[in-house]
>>> print(open('protein27.csv').read())   # CSV, C-alpha atoms
chain,number,residue,atom,x,y,z
S,1,MET,CA,8.9,-5.9,-35.1
S,2,LYS,CA,8.2,-9.6,-34.9
S,3,LEU,CA,8.4,-12.1,-32.1
S,4,THR,CA,6.9,-15.2,-30.6
S,5,ILE,CA,6.5,-15.4,-26.8
S,6,SER,CA,5.1,-17.5,-24.1
S,7,LYS,CA,1.5,-16.4,-23.4
S,8,ASN,CA,1.7,-17.0,-19.7
S,9,GLU,CA,4.9,-14.9,-19.4
S,10,LEU,CA,3.5,-12.1,-21.5
S,11,ASN,CA,0.2,-12.2,-19.5
S,12,ASP,CA,2.0,-12.0,-16.2
S,13,ALA,CA,4.0,-9.0,-17.3
S,14,ILE,CA,0.9,-7.3,-18.7
S,15,GLN,CA,-0.9,-7.7,-15.4
S,16,GLN,CA,2.0,-6.2,-13.6
S,17,VAL,CA,2.3,-3.0,-15.7
S,18,ALA,CA,-1.5,-2.6,-16.1
S,19,LYS,CA,-1.7,-1.4,-12.5
S,20,ALA,CA,-0.2,1.9,-13.8
S,21,ILE,CA,-2.9,2.6,-16.4
S,22,SER,CA,-5.5,5.2,-15.6
S,23,SER,CA,-9.2,4.6,-16.6
S,24,ARG,CA,-9.2,8.2,-17.8
S,25,PRO,CA,-5.7,8.9,-19.1
S,26,ALA,CA,-4.5,12.5,-19.4
S,27,ILE,CA,-3.4,11.9,-23.0
S,28,PRO,CA,-4.5,9.0,-25.3
S,29,ILE,CA,-1.1,7.4,-25.5
S,30,LEU,CA,-1.1,6.8,-21.7
S,31,GLY,CA,-4.1,4.5,-22.3
S,32,GLY,CA,-1.7,2.0,-23.9
S,33,ILE,CA,1.1,-0.4,-23.0
S,34,LYS,CA,4.4,0.2,-24.7
S,35,ILE,CA,6.3,-2.9,-26.0
S,36,ASP,CA,10.0,-2.7,-26.7
S,37,VAL,CA,11.6,-5.7,-28.3
S,38,ASN,CA,15.3,-6.4,-28.7
S,39,HIS,CA,17.4,-9.6,-28.8
S,40,GLN,CA,17.8,-9.6,-25.0
S,41,GLY,CA,14.1,-9.7,-24.4
S,42,VAL,CA,10.8,-7.8,-24.2
S,43,THR,CA,10.1,-4.7,-22.0
S,44,LEU,CA,6.5,-3.6,-21.3
S,45,THR,CA,5.9,-0.1,-19.9
S,46,ALA,CA,2.7,1.6,-18.6
S,47,SER,CA,2.3,5.0,-17.0
S,48,ASP,CA,-0.3,7.4,-15.7
S,49,THR,CA,2.4,10.2,-15.1
S,50,GLU,CA,2.0,9.6,-11.3
S,51,ILE,CA,3.3,6.1,-11.4
S,52,SER,CA,5.1,4.1,-14.1
S,53,ILE,CA,5.7,0.4,-14.1
S,54,GLN,CA,8.1,-1.5,-16.4
S,55,SER,CA,8.4,-5.3,-16.6
S,56,PHE,CA,11.2,-7.1,-18.5
S,57,ILE,CA,10.8,-10.6,-20.0
S,58,PRO,CA,14.2,-12.1,-20.9
S,59,VAL,CA,14.5,-14.2,-24.1
S,60,GLU,CA,15.8,-17.1,-21.9
S,61,ARG,CA,15.4,-18.0,-18.2
S,62,ASP,CA,16.8,-21.1,-16.5
S,63,ASN,CA,17.9,-22.6,-19.9
S,64,LEU,CA,14.3,-22.3,-21.1
S,65,PHE,CA,13.4,-20.1,-24.1
S,66,ILE,CA,10.6,-17.7,-23.3
S,67,ALA,CA,10.7,-15.6,-26.5
S,68,HIS,CA,12.1,-15.8,-30.0
S,69,VAL,CA,12.8,-12.4,-31.6
S,70,ASP,CA,12.8,-12.2,-35.4
S,71,LYS,CA,12.9,-8.5,-35.6
S,72,PRO,CA,13.4,-5.9,-32.9
S,73,GLY,CA,11.1,-2.9,-32.6
S,74,SER,CA,8.5,-1.0,-30.6
S,75,VAL,CA,4.8,-0.3,-30.5
S,76,VAL,CA,2.1,1.0,-28.1
S,77,LEU,CA,-1.1,-1.1,-28.0
S,78,PRO,CA,-4.4,0.0,-26.4
S,79,ALA,CA,-4.3,-1.5,-22.9
S,80,LYS,CA,-8.1,-2.0,-22.4
S,81,PHE,CA,-8.3,-4.6,-25.2
S,82,PHE,CA,-4.7,-5.9,-25.1
S,83,VAL,CA,-4.9,-6.8,-21.4
S,84,GLU,CA,-8.1,-8.8,-21.9
S,85,ILE,CA,-7.3,-10.5,-25.2
S,86,ILE,CA,-3.9,-12.0,-24.3
S,87,LYS,CA,-5.2,-13.9,-21.3
S,88,LYS,CA,-8.0,-15.4,-23.4
S,89,LEU,CA,-5.8,-16.6,-26.3
S,90,PRO,CA,-6.1,-20.3,-27.1
S,91,SER,CA,-2.5,-21.4,-27.5
S,92,ASP,CA,0.6,-21.4,-25.2
S,93,ASN,CA,2.5,-19.1,-27.5
S,94,VAL,CA,1.7,-15.7,-29.0
S,95,GLU,CA,3.1,-14.3,-32.2
S,96,ILE,CA,3.1,-10.5,-32.5
S,97,GLN,CA,4.1,-8.7,-35.7
S,98,VAL,CA,4.0,-4.9,-36.3
S,99,GLY,CA,3.8,-3.6,-39.8
S,100,ALA,CA,3.4,-0.2,-41.5
S,101,GLN,CA,1.6,2.6,-39.5
S,102,PHE,CA,2.0,0.3,-36.4
S,103,GLN,CA,-0.7,-2.0,-37.6
S,104,THR,CA,-0.3,-5.0,-35.3
S,105,MET,CA,-1.1,-8.7,-35.9
S,106,ILE,CA,-1.5,-11.0,-32.9
S,107,ARG,CA,-1.7,-14.7,-33.7
S,108,SER,CA,-2.3,-17.6,-31.3
S,109,GLY,CA,-3.6,-21.0,-32.3
S,110,SER,CA,-6.7,-20.4,-34.4
S,111,SER,CA,-7.0,-16.8,-33.4
S,112,ASP,CA,-5.9,-14.0,-35.7
S,113,ILE,CA,-6.3,-10.5,-34.3
S,114,GLN,CA,-5.5,-7.1,-35.9
S,115,MET,CA,-4.9,-4.1,-33.6
S,116,VAL,CA,-4.3,-0.4,-34.4
S,117,GLY,CA,-1.0,0.4,-32.7
S,118,LEU,CA,0.3,3.8,-31.7
S,119,ASP,CA,3.7,5.5,-32.3
S,120,PRO,CA,6.0,4.6,-29.4
S,121,GLU,CA,7.9,7.8,-29.9
S,122,GLU,CA,4.9,9.6,-28.4
S,123,PHE,CA,5.1,7.6,-25.2
S,124,PRO,CA,6.6,9.6,-22.2
S,125,VAL,CA,10.2,8.8,-21.3
S,126,LEU,CA,10.6,7.2,-17.9
S,127,PRO,CA,12.4,9.4,-15.3
S,128,SER,CA,16.1,9.1,-15.2
S,129,ILE,CA,17.1,8.3,-11.6
S,130,GLU,CA,20.7,8.3,-10.4
S,131,GLU,CA,21.1,5.4,-8.0
S,132,ASN,CA,23.1,7.3,-5.4
S,133,GLY,CA,20.5,7.1,-2.7
S,134,LEU,CA,19.8,3.3,-2.8
S,135,PHE,CA,18.9,1.0,0.1
S,136,GLN,CA,17.4,-2.4,0.3
S,137,MET,CA,14.7,-4.0,2.5
S,138,PRO,CA,13.1,-7.4,2.5
S,139,GLY,CA,9.9,-7.5,0.5
S,140,ASP,CA,7.8,-9.0,3.3
S,141,LEU,CA,8.8,-6.2,5.7
S,142,LEU,CA,7.9,-3.6,3.1
S,143,LYS,CA,4.5,-5.1,2.6
S,144,THR,CA,4.0,-5.2,6.4
S,145,MET,CA,5.0,-1.6,6.9
S,146,ILE,CA,2.6,-0.5,4.1
S,147,ARG,CA,-0.3,-2.6,5.5
S,148,GLN,CA,0.2,-1.3,9.0
S,149,THR,CA,0.2,2.4,8.0
S,150,VAL,CA,-1.9,3.2,4.9
S,151,LEU,CA,-5.1,2.7,6.9
S,152,ALA,CA,-4.6,6.1,8.6
S,153,ALA,CA,-3.9,8.1,5.4
S,154,SER,CA,-6.5,10.7,4.4
S,155,THR,CA,-8.8,10.2,1.4
S,156,ASN,CA,-9.5,13.9,1.1
S,157,GLU,CA,-7.6,15.2,-1.9
S,158,GLN,CA,-7.9,18.8,-0.6
S,159,THR,CA,-5.1,18.0,1.8
S,160,ALA,CA,-2.9,16.2,-0.7
S,161,VAL,CA,0.1,15.5,1.6
S,162,LEU,CA,-2.2,13.7,4.1
S,163,THR,CA,-3.3,11.2,1.4
S,164,GLY,CA,0.3,9.9,1.5
S,165,VAL,CA,2.6,8.1,3.9
S,166,LEU,CA,5.6,10.0,5.2
S,167,TRP,CA,9.0,8.2,4.9
S,168,THR,CA,12.0,9.2,6.9
S,169,LEU,CA,15.4,7.5,7.2
S,170,SER,CA,17.9,8.4,9.9
S,171,ASN,CA,20.5,6.4,11.8
S,172,GLN,CA,19.5,3.3,9.9
S,173,GLN,CA,15.9,3.6,11.1
S,174,LEU,CA,13.2,3.8,8.4
S,175,LYS,CA,9.9,5.2,9.6
S,176,PHE,CA,6.5,5.4,8.0
S,177,ILE,CA,3.8,7.8,9.4
S,178,ALA,CA,0.3,8.3,8.1
S,179,THR,CA,-2.5,10.5,9.5
S,180,ASP,CA,-5.9,12.0,8.5
S,181,ARG,CA,-6.0,14.3,11.6
S,182,HIS,CA,-8.4,11.9,13.3
S,183,ARG,CA,-6.0,9.0,13.6
S,184,LEU,CA,-2.3,8.2,13.1
S,185,ALA,CA,-0.3,5.1,12.3
S,186,SER,CA,3.5,4.8,12.7
S,187,ARG,CA,5.8,1.9,11.8
S,188,ASN,CA,9.5,1.8,12.0
S,189,ALA,CA,12.2,-0.8,11.1
S,190,HIS,CA,15.9,-1.2,10.9
S,191,ALA,CA,17.4,-0.5,7.5
S,192,GLU,CA,20.7,-1.9,6.2
S,193,THR,CA,22.1,1.3,4.9
S,194,ASP,CA,25.2,3.5,5.2
S,195,PRO,CA,24.8,5.1,8.7
S,196,ASP,CA,25.3,8.5,7.2
S,197,TYR,CA,22.5,8.0,4.5
S,198,ARG,CA,19.3,9.8,5.4
S,199,PHE,CA,16.3,11.5,4.0
S,200,SER,CA,13.1,13.2,5.2
S,201,ASN,CA,9.8,14.5,4.0
S,202,VAL,CA,9.5,11.7,1.3
S,203,ILE,CA,5.7,11.5,0.9
S,204,ILE,CA,4.3,8.7,-1.2
S,205,ALA,CA,0.6,8.4,-2.0
S,206,ALA,CA,-1.1,5.7,0.1
S,207,LYS,CA,-3.0,4.3,-2.9
S,208,THR,CA,0.3,4.0,-4.8
S,209,LEU,CA,1.8,2.0,-2.0
S,210,VAL,CA,-1.1,-0.3,-2.0
S,211,GLU,CA,-0.5,-1.0,-5.7
S,212,LEU,CA,3.2,-1.4,-5.1
S,213,SER,CA,2.4,-3.9,-2.3
S,214,LYS,CA,0.5,-6.1,-4.8
S,215,LEU,CA,3.7,-6.4,-6.9
S,216,VAL,CA,6.1,-7.3,-4.1
S,217,PRO,CA,6.9,-11.0,-4.4
S,218,GLU,CA,5.6,-13.2,-1.5
S,219,GLN,CA,9.0,-14.8,-1.0
S,220,ASN,CA,11.4,-12.8,1.1
S,221,ALA,CA,13.4,-11.2,-1.7
S,222,LEU,CA,15.2,-7.9,-1.3
S,223,VAL,CA,13.6,-4.8,-2.8
S,224,ASP,CA,16.0,-2.1,-4.1
S,225,ILE,CA,14.6,1.4,-3.3
S,226,VAL,CA,16.1,4.5,-4.9
S,227,VAL,CA,15.1,7.9,-3.6
S,228,ALA,CA,15.8,10.8,-5.9
S,229,ASP,CA,14.7,14.5,-6.1
S,230,ASN,CA,11.0,14.0,-6.6
S,231,GLN,CA,10.8,10.3,-7.6
S,232,VAL,CA,11.2,7.0,-5.8
S,233,MET,CA,12.0,3.8,-7.8
S,234,PHE,CA,11.5,0.3,-6.5
S,235,LYS,CA,13.3,-2.7,-8.1
S,236,LEU,CA,11.2,-5.9,-7.7
S,237,GLY,CA,13.1,-8.6,-9.7
S,238,ASN,CA,12.4,-7.8,-13.4
S,239,VAL,CA,9.9,-5.1,-12.5
S,240,LEU,CA,10.7,-1.4,-12.0
S,241,PHE,CA,8.1,0.7,-10.2
S,242,TYR,CA,8.4,4.5,-10.3
S,243,THR,CA,6.4,7.0,-8.4
S,244,ARG,CA,6.3,10.7,-8.0
S,245,MET,CA,6.5,12.1,-4.4
S,246,LEU,CA,3.7,14.2,-3.2
S,247,ASP,CA,4.5,17.9,-3.0
S,248,GLY,CA,4.4,19.8,0.3
S,249,MET,CA,5.6,19.5,3.8
S,250,TYR,CA,4.2,16.8,6.1
S,251,PRO,CA,2.9,18.2,9.4
S,252,ASP,CA,4.9,17.5,12.6
S,253,THR,CA,2.9,14.8,14.4
S,254,SER,CA,5.2,14.3,17.3
S,255,LYS,CA,3.5,16.9,19.5
S,256,ILE,CA,0.2,14.9,19.7
S,257,ILE,CA,1.8,11.8,21.2
S,258,PRO,CA,1.8,11.8,25.0
S,259,GLN,CA,4.8,10.4,27.0
S,260,THR,CA,2.9,9.6,30.2
S,261,TYR,CA,-0.6,8.2,30.8
S,262,LYS,CA,-3.3,8.6,33.5
S,263,THR,CA,-4.8,5.2,32.6
S,264,GLU,CA,-3.0,2.1,31.2
S,265,LEU,CA,-4.7,-1.0,29.9
S,266,VAL,CA,-3.3,-4.3,28.5
S,267,VAL,CA,-5.9,-6.5,26.8
S,268,ASP,CA,-6.0,-9.5,24.6
S,269,THR,CA,-6.1,-8.2,21.0
S,270,LYS,CA,-8.6,-10.8,19.6
S,271,ASN,CA,-11.0,-10.5,22.5
S,272,LEU,CA,-11.1,-6.7,22.2
S,273,MET,CA,-11.4,-6.9,18.4
S,274,ASP,CA,-14.3,-9.3,18.6
S,275,ALA,CA,-16.1,-7.3,21.2
S,276,ILE,CA,-15.7,-4.0,19.3
S,277,ASP,CA,-16.7,-5.8,16.0
S,278,ARG,CA,-20.0,-6.8,17.6
S,279,ALA,CA,-20.6,-3.3,19.0
S,280,TYR,CA,-19.7,-1.9,15.6
S,281,LEU,CA,-22.7,-3.7,14.0
S,282,MET,CA,-25.0,-1.6,16.2
S,283,SER,CA,-23.1,1.7,15.9
S,284,ARG,CA,-23.0,1.3,12.1
S,285,GLU,CA,-26.8,1.2,12.0
S,286,GLU,CA,-26.8,4.5,13.8
S,287,LYS,CA,-24.3,5.8,11.2
S,288,THR,CA,-22.0,7.1,13.9
S,289,ASN,CA,-19.6,4.2,14.4
S,290,ILE,CA,-19.4,5.4,18.1
S,291,VAL,CA,-18.5,2.7,20.6
S,292,ARG,CA,-18.0,3.4,24.4
S,293,LEU,CA,-15.3,1.9,26.6
S,294,ILE,CA,-15.6,2.1,30.4
S,295,THR,CA,-13.1,0.7,32.9
S,296,LEU,CA,-14.7,-1.2,35.8
S,297,ASP,CA,-13.6,-1.9,39.4
S,298,ASP,CA,-12.9,-5.6,38.8
S,299,ASN,CA,-10.1,-5.2,36.3
S,300,SER,CA,-12.4,-5.5,33.4
S,301,ILE,CA,-13.7,-3.1,30.7
S,302,GLU,CA,-17.1,-2.7,29.3
S,303,ILE,CA,-17.7,-2.2,25.5
S,304,SER,CA,-21.0,-0.8,24.4
S,305,SER,CA,-22.9,0.8,21.6
S,306,SER,CA,-26.5,1.7,21.0
S,307,SER,CA,-29.0,2.5,18.2
S,308,THR,CA,-32.2,4.4,18.7
S,309,GLU,CA,-34.0,2.0,16.4
S,310,LEU,CA,-32.4,-1.4,17.2
S,311,GLY,CA,-31.3,-1.3,20.8
S,312,ARG,CA,-28.0,-1.7,22.7
S,313,VAL,CA,-24.9,-4.0,22.7
S,314,THR,CA,-23.0,-4.3,26.0
S,315,GLU,CA,-20.2,-6.8,26.9
S,316,GLN,CA,-17.3,-7.1,29.3
S,317,ILE,CA,-13.8,-8.4,28.7
S,318,ASP,CA,-11.0,-8.9,31.3
S,319,ALA,CA,-8.0,-6.7,31.2
S,320,LYS,CA,-4.6,-8.3,31.6
S,321,LYS,CA,-3.5,-5.1,33.3
S,322,PHE,CA,-5.3,-2.0,34.5
S,323,GLU,CA,-3.5,0.9,36.2
S,324,GLY,CA,-4.5,4.5,36.9
S,325,GLU,CA,-7.7,6.4,36.9
S,326,PRO,CA,-11.1,5.1,36.0
S,327,LEU,CA,-12.1,6.0,32.5
S,328,ARG,CA,-15.1,6.5,30.3
S,329,ILE,CA,-14.3,7.2,26.6
S,330,SER,CA,-16.0,7.1,23.2
S,331,PHE,CA,-14.3,6.5,19.9
S,332,ASN,CA,-14.8,5.5,16.2
S,333,SER,CA,-15.1,1.8,16.3
S,334,LYS,CA,-14.1,1.4,12.6
S,335,PHE,CA,-10.9,3.3,13.3
S,336,MET,CA,-10.1,1.0,16.2
S,337,LEU,CA,-10.9,-2.2,14.2
S,338,ASP,CA,-8.6,-1.1,11.4
S,339,VAL,CA,-5.8,-0.9,13.9
S,340,LEU,CA,-6.6,-4.1,15.7
S,341,LYS,CA,-6.6,-6.0,12.4
S,342,VAL,CA,-3.1,-5.0,11.5
S,343,ILE,CA,-1.3,-5.3,14.8
S,344,ASP,CA,0.7,-8.5,14.8
S,345,SER,CA,0.6,-9.0,18.6
S,346,GLU,CA,-1.5,-11.2,20.9
S,347,GLN,CA,-1.8,-8.4,23.5
S,348,ILE,CA,-1.9,-4.7,23.1
S,349,PHE,CA,-1.2,-1.7,25.4
S,350,ILE,CA,-3.7,1.2,25.4
S,351,GLY,CA,-2.8,4.4,27.1
S,352,PHE,CA,-5.1,7.3,28.0
S,353,THR,CA,-4.4,10.8,29.3
S,354,GLY,CA,-8.0,11.7,29.7
S,355,ALA,CA,-11.5,11.3,28.2
S,356,MET,CA,-10.8,13.9,25.4
S,357,SER,CA,-7.1,13.2,24.8
S,358,PRO,CA,-5.6,10.9,22.2
S,359,ILE,CA,-5.9,7.2,22.6
S,360,ILE,CA,-2.5,5.4,22.2
S,361,ILE,CA,-2.4,1.8,21.0
S,362,LYS,CA,0.8,-0.3,20.9
S,363,PRO,CA,1.7,-4.0,20.7
S,364,THR,CA,3.1,-5.3,23.9
S,365,ASP,CA,5.9,-7.5,22.4
S,366,HIS,CA,7.7,-4.9,20.3
S,367,SER,CA,8.0,-1.2,19.8
S,368,TYR,CA,7.8,-1.0,15.9
S,369,ASN,CA,4.1,0.1,15.8
S,370,MET,CA,2.2,2.9,17.4
S,371,TYR,CA,-1.3,4.1,16.7
S,372,VAL,CA,-3.3,7.2,17.8
S,373,ILE,CA,-7.0,7.6,17.7
S,374,LEU,CA,-8.8,10.8,18.7
S,375,PRO,CA,-11.8,10.2,20.9
S,376,TYR,CA,-15.4,11.6,20.4
S,377,ARG,CA,-17.1,14.0,22.8
S,378,THR,CA,-20.5,12.5,23.6
S,379,THR,CA,-23.4,13.5,25.8
S,380,THR,CA,-23.7,10.1,27.6
>>> encode(input="protein27.csv", output="structure tokens")
Amino acid sequence: MKLTISKNELNDAIQQVAKAISSRPAIPILGGIKIDVNHQGVTLTASDTEISIQSFIPVERDNLFIAHVDKPGSVVLPAKFFVEIIKKLPSDNVEIQVGAQFQTMIRSGSSDIQMVGLDPEEFPVLPSIEENGLFQMPGDLLKTMIRQTVLAASTNEQTAVLTGVLWTLSNQQLKFIATDRHRLASRNAHAETDPDYRFSNVIIAAKTLVELSKLVPEQNALVDIVVADNQVMFKLGNVLFYTRMLDGMYPDTSKIIPQTYKTELVVDTKNLMDAIDRAYLMSREEKTNIVRLITLDDNSIEISSSSTELGRVTEQIDAKKFEGEPLRISFNSKFMLDVLKVIDSEQIFIGFTGAMSPIIIKPTDHSYNMYVILPYRTTT
């Protein structure tokens, strides 16, 4: 194998696939990046068995030559060194040549590097996915749906399904749900698909979706999504992102969401977030994160927190709307802040059915998002 390639193009592709490399690979070959070269271009692949990322660099793009291939071939190079050395090379072009026993020469400007390559035949084959179940969605919408739901996924590996985000598609409505049993996030969006196409119980690890989100282009390009038996593939331009679904059945969360409320509030999102943020500083020192909310007679609410060592924070904010019974409730301020930071609405609706019942939070200007936080029982 022998080729000359643009350093910047190669570095960009390496950075993309490197997100699939584990710091402690199950087998040594997975600690490397596979390079496949033919006369159409260069394909880089990395995998940790849970996710696999493949990036393709064409020989030519927009009438500009990116790579010159003298001899097709393949090699696997150790990622830890390869990722770092390519971005530090001195010249705009990189020459890579693979000889006997996969000994690899990398030349750029005055740099001449020898690396011990690995046999590409030992690298796992990427899953073969039939593109029967394919749908598309705008990249910015996908990023938004991920951002607005992963915050509620569990970090406890003992309940593996709850470390993921549940995807369902029915009647052209795509819905994401995440919960750690203390809070829940839900986001839905219209999907341009065949009205008869549907799936359920597709669970994708939240940490995988965060990595996927980093690869989705900022511009509003369409992302192809293919759902297969136990794999989901995302096409992001020249990048393919594969992930395994989490095994198991996601719990039915619909029963915890009340349909009527005893107390209803509408408040300014930023005012509430700033007040809770200040109260959080005190509650954090107490290592409880507990903040209290009390409705007052003058259509305002009081936010407070206290610390046995530092003191107490109390402030009032006006409610845009207050209907129903007076309320005194305590909740995890960090959970509430996580929600307020991702709601794209100037005002939010908060519904309560009682001091020990779930707190429901929704934007006021659309019905795409819904959040649930379980309150705390306190002695004061």
>>> closest_residue(input="protein27.csv", among="S:Val291, S:Ala279, S:Val223, S:Leu184", to="Lys362 of chain S", atoms="all atoms listed in the file")
S:Leu184
>>> closest_residue(input="protein27.csv", among="S:Met145, S:Val232, S:Ile57, S:Val342", to="Met245 of chain S", atoms="all atoms listed in the file")
S:Val232
>>> atom_distance(input="protein27.csv", atom1="atom CA of Lys235 of chain S", atom2="atom CA of Ile33 of chain S")
19.4 Å
>>> closest_atom_pairs(input="protein27.csv", of="segment 194-292 of chain S", to="segment 328-337 of chain S", cutoff="6 Å", atoms="all atoms listed in the file", output="CSV")
residue,atom,partner,partner_atom,distance
S:Tyr280,CA,S:Ser333,CA,5.9
S:Asn289,CA,S:Asn332,CA,5.3
S:Ile290,CA,S:Asn332,CA,5.0
S:Val291,CA,S:Ser333,CA,5.6
S:Arg292,CA,S:Ser330,CA,4.4
>>> residues_near_point(input="protein27.csv", point="(8.1, -10.5, 21.5)", cutoff="12 Å", atoms="all atoms listed in the file", output="MDAnalysis selection string")
chainID S and resid 344:348 363:368
>>> closest_residue(input="protein27.csv", among="S:Gly248, S:Pro127, S:Pro258, S:Pro78", to="Gly164 of chain S", atoms="all atoms listed in the file")
S:Gly248
>>> residues_around(input="protein27.csv", residues="segment 15-32 of chain S", least_positions_apart="6", cutoff="10 Å", atoms="all atoms listed in the file", output="PyMOL selection string")
chain S and resi 44-55+75-84+87+117-120+122-124+208+211-212+214-215+239-243
>>> closest_residue(input="protein27.csv", among="S:Glu121, S:Thr269, S:Asp338, S:Thr314", to="Ala153 of chain S", atoms="only C-alpha atoms")
S:Asp338
>>> closest_residue(input="protein27.csv", among="S:Thr253, S:Lys34, S:Val161, S:Ile86", to="Phe102 of chain S", atoms="all atoms listed in the file")
S:Lys34
>>> atom_distance(input="protein27.csv", atom1="atom CA of Asp247 of chain S", atom2="atom CA of Asn188 of chain S")
22.6 Å
>>> closest_residue(input="protein27.csv", among="S:Thr163, S:Thr144, S:Thr155, S:Gln172", to="Asn220 of chain S", atoms="all atoms listed in the file")
S:Thr144
>>> residues_near_point(input="protein27.csv", point="(3.3, -3.5, 7.6)", cutoff="10 Å", atoms="only C-alpha atoms", output="PyMOL selection string")
chain S and resi 140-150+176+186-189+213+342-344+368-369
>>> decode(input="protein27.csv", residues="segment 176-192 of chain S", atoms="N, CA and C atoms", output="PDB file, in the first residue's frame")
ATOM      1  N   PHE S 176     -38.314  10.188  21.645  1.00  0.00           N
ATOM      2  CA  PHE S 176     -37.212   9.781  22.509  1.00  0.00           C
ATOM      3  C   PHE S 176     -37.698   9.881  23.952  1.00  0.00           C
ATOM      4  N   ILE S 177     -37.365   8.874  24.776  1.00  0.00           N
ATOM      5  CA  ILE S 177     -37.654   8.912  26.211  1.00  0.00           C
ATOM      6  C   ILE S 177     -36.421   8.420  26.965  1.00  0.00           C
ATOM      7  N   ALA S 178     -36.080   9.128  28.047  1.00  0.00           N
ATOM      8  CA  ALA S 178     -34.999   8.676  28.927  1.00  0.00           C
ATOM      9  C   ALA S 178     -35.445   8.867  30.373  1.00  0.00           C
ATOM     10  N   THR S 179     -35.081   7.922  31.236  1.00  0.00           N
ATOM     11  CA  THR S 179     -35.400   8.050  32.655  1.00  0.00           C
ATOM     12  C   THR S 179     -34.378   7.288  33.495  1.00  0.00           C
ATOM     13  N   ASP S 180     -34.124   7.815  34.695  1.00  0.00           N
ATOM     14  CA  ASP S 180     -33.279   7.101  35.666  1.00  0.00           C
ATOM     15  C   ASP S 180     -34.088   6.749  36.911  1.00  0.00           C
ATOM     16  N   ARG S 181     -35.408   6.774  36.773  1.00  0.00           N
ATOM     17  CA  ARG S 181     -36.394   6.491  37.826  1.00  0.00           C
ATOM     18  C   ARG S 181     -36.603   7.672  38.785  1.00  0.00           C
ATOM     19  N   HIS S 182     -35.754   8.700  38.711  1.00  0.00           N
ATOM     20  CA  HIS S 182     -35.946   9.893  39.530  1.00  0.00           C
ATOM     21  C   HIS S 182     -36.418  11.073  38.672  1.00  0.00           C
ATOM     22  N   ARG S 183     -36.169  10.974  37.391  1.00  0.00           N
ATOM     23  CA  ARG S 183     -36.581  12.022  36.447  1.00  0.00           C
ATOM     24  C   ARG S 183     -36.804  11.391  35.084  1.00  0.00           C
ATOM     25  N   LEU S 184     -37.501  12.106  34.245  1.00  0.00           N
ATOM     26  CA  LEU S 184     -37.812  11.591  32.904  1.00  0.00           C
ATOM     27  C   LEU S 184     -37.775  12.749  31.915  1.00  0.00           C
ATOM     28  N   ALA S 185     -37.239  12.480  30.727  1.00  0.00           N
ATOM     29  CA  ALA S 185     -37.232  13.458  29.637  1.00  0.00           C
ATOM     30  C   ALA S 185     -37.869  12.819  28.415  1.00  0.00           C
ATOM     31  N   SER S 186     -38.715  13.578  27.735  1.00  0.00           N
ATOM     32  CA  SER S 186     -39.394  13.085  26.537  1.00  0.00           C
ATOM     33  C   SER S 186     -39.322  14.156  25.457  1.00  0.00           C
ATOM     34  N   ARG S 187     -39.045  13.736  24.240  1.00  0.00           N
ATOM     35  CA  ARG S 187     -38.995  14.674  23.100  1.00  0.00           C
ATOM     36  C   ARG S 187     -39.529  13.960  21.877  1.00  0.00           C
ATOM     37  N   ASN S 188     -40.449  14.582  21.165  1.00  0.00           N
ATOM     38  CA  ASN S 188     -40.971  13.971  19.955  1.00  0.00           C
ATOM     39  C   ASN S 188     -40.873  14.947  18.791  1.00  0.00           C
ATOM     40  N   ALA S 189     -40.909  14.404  17.568  1.00  0.00           N
ATOM     41  CA  ALA S 189     -40.804  15.219  16.361  1.00  0.00           C
ATOM     42  C   ALA S 189     -41.454  14.471  15.206  1.00  0.00           C
ATOM     43  N   HIS S 190     -41.913  15.232  14.230  1.00  0.00           N
ATOM     44  CA  HIS S 190     -42.466  14.627  13.020  1.00  0.00           C
ATOM     45  C   HIS S 190     -41.326  14.018  12.203  1.00  0.00           C
ATOM     46  N   ALA S 191     -41.548  12.829  11.668  1.00  0.00           N
ATOM     47  CA  ALA S 191     -40.545  12.153  10.832  1.00  0.00           C
ATOM     48  C   ALA S 191     -41.123  11.933   9.441  1.00  0.00           C
ATOM     49  N   GLU S 192     -40.349  12.332   8.429  1.00  0.00           N
ATOM     50  CA  GLU S 192     -40.783  12.124   7.045  1.00  0.00           C
ATOM     51  C   GLU S 192     -40.509  10.670   6.660  1.00  0.00           C
TER      52      GLU S 192
END
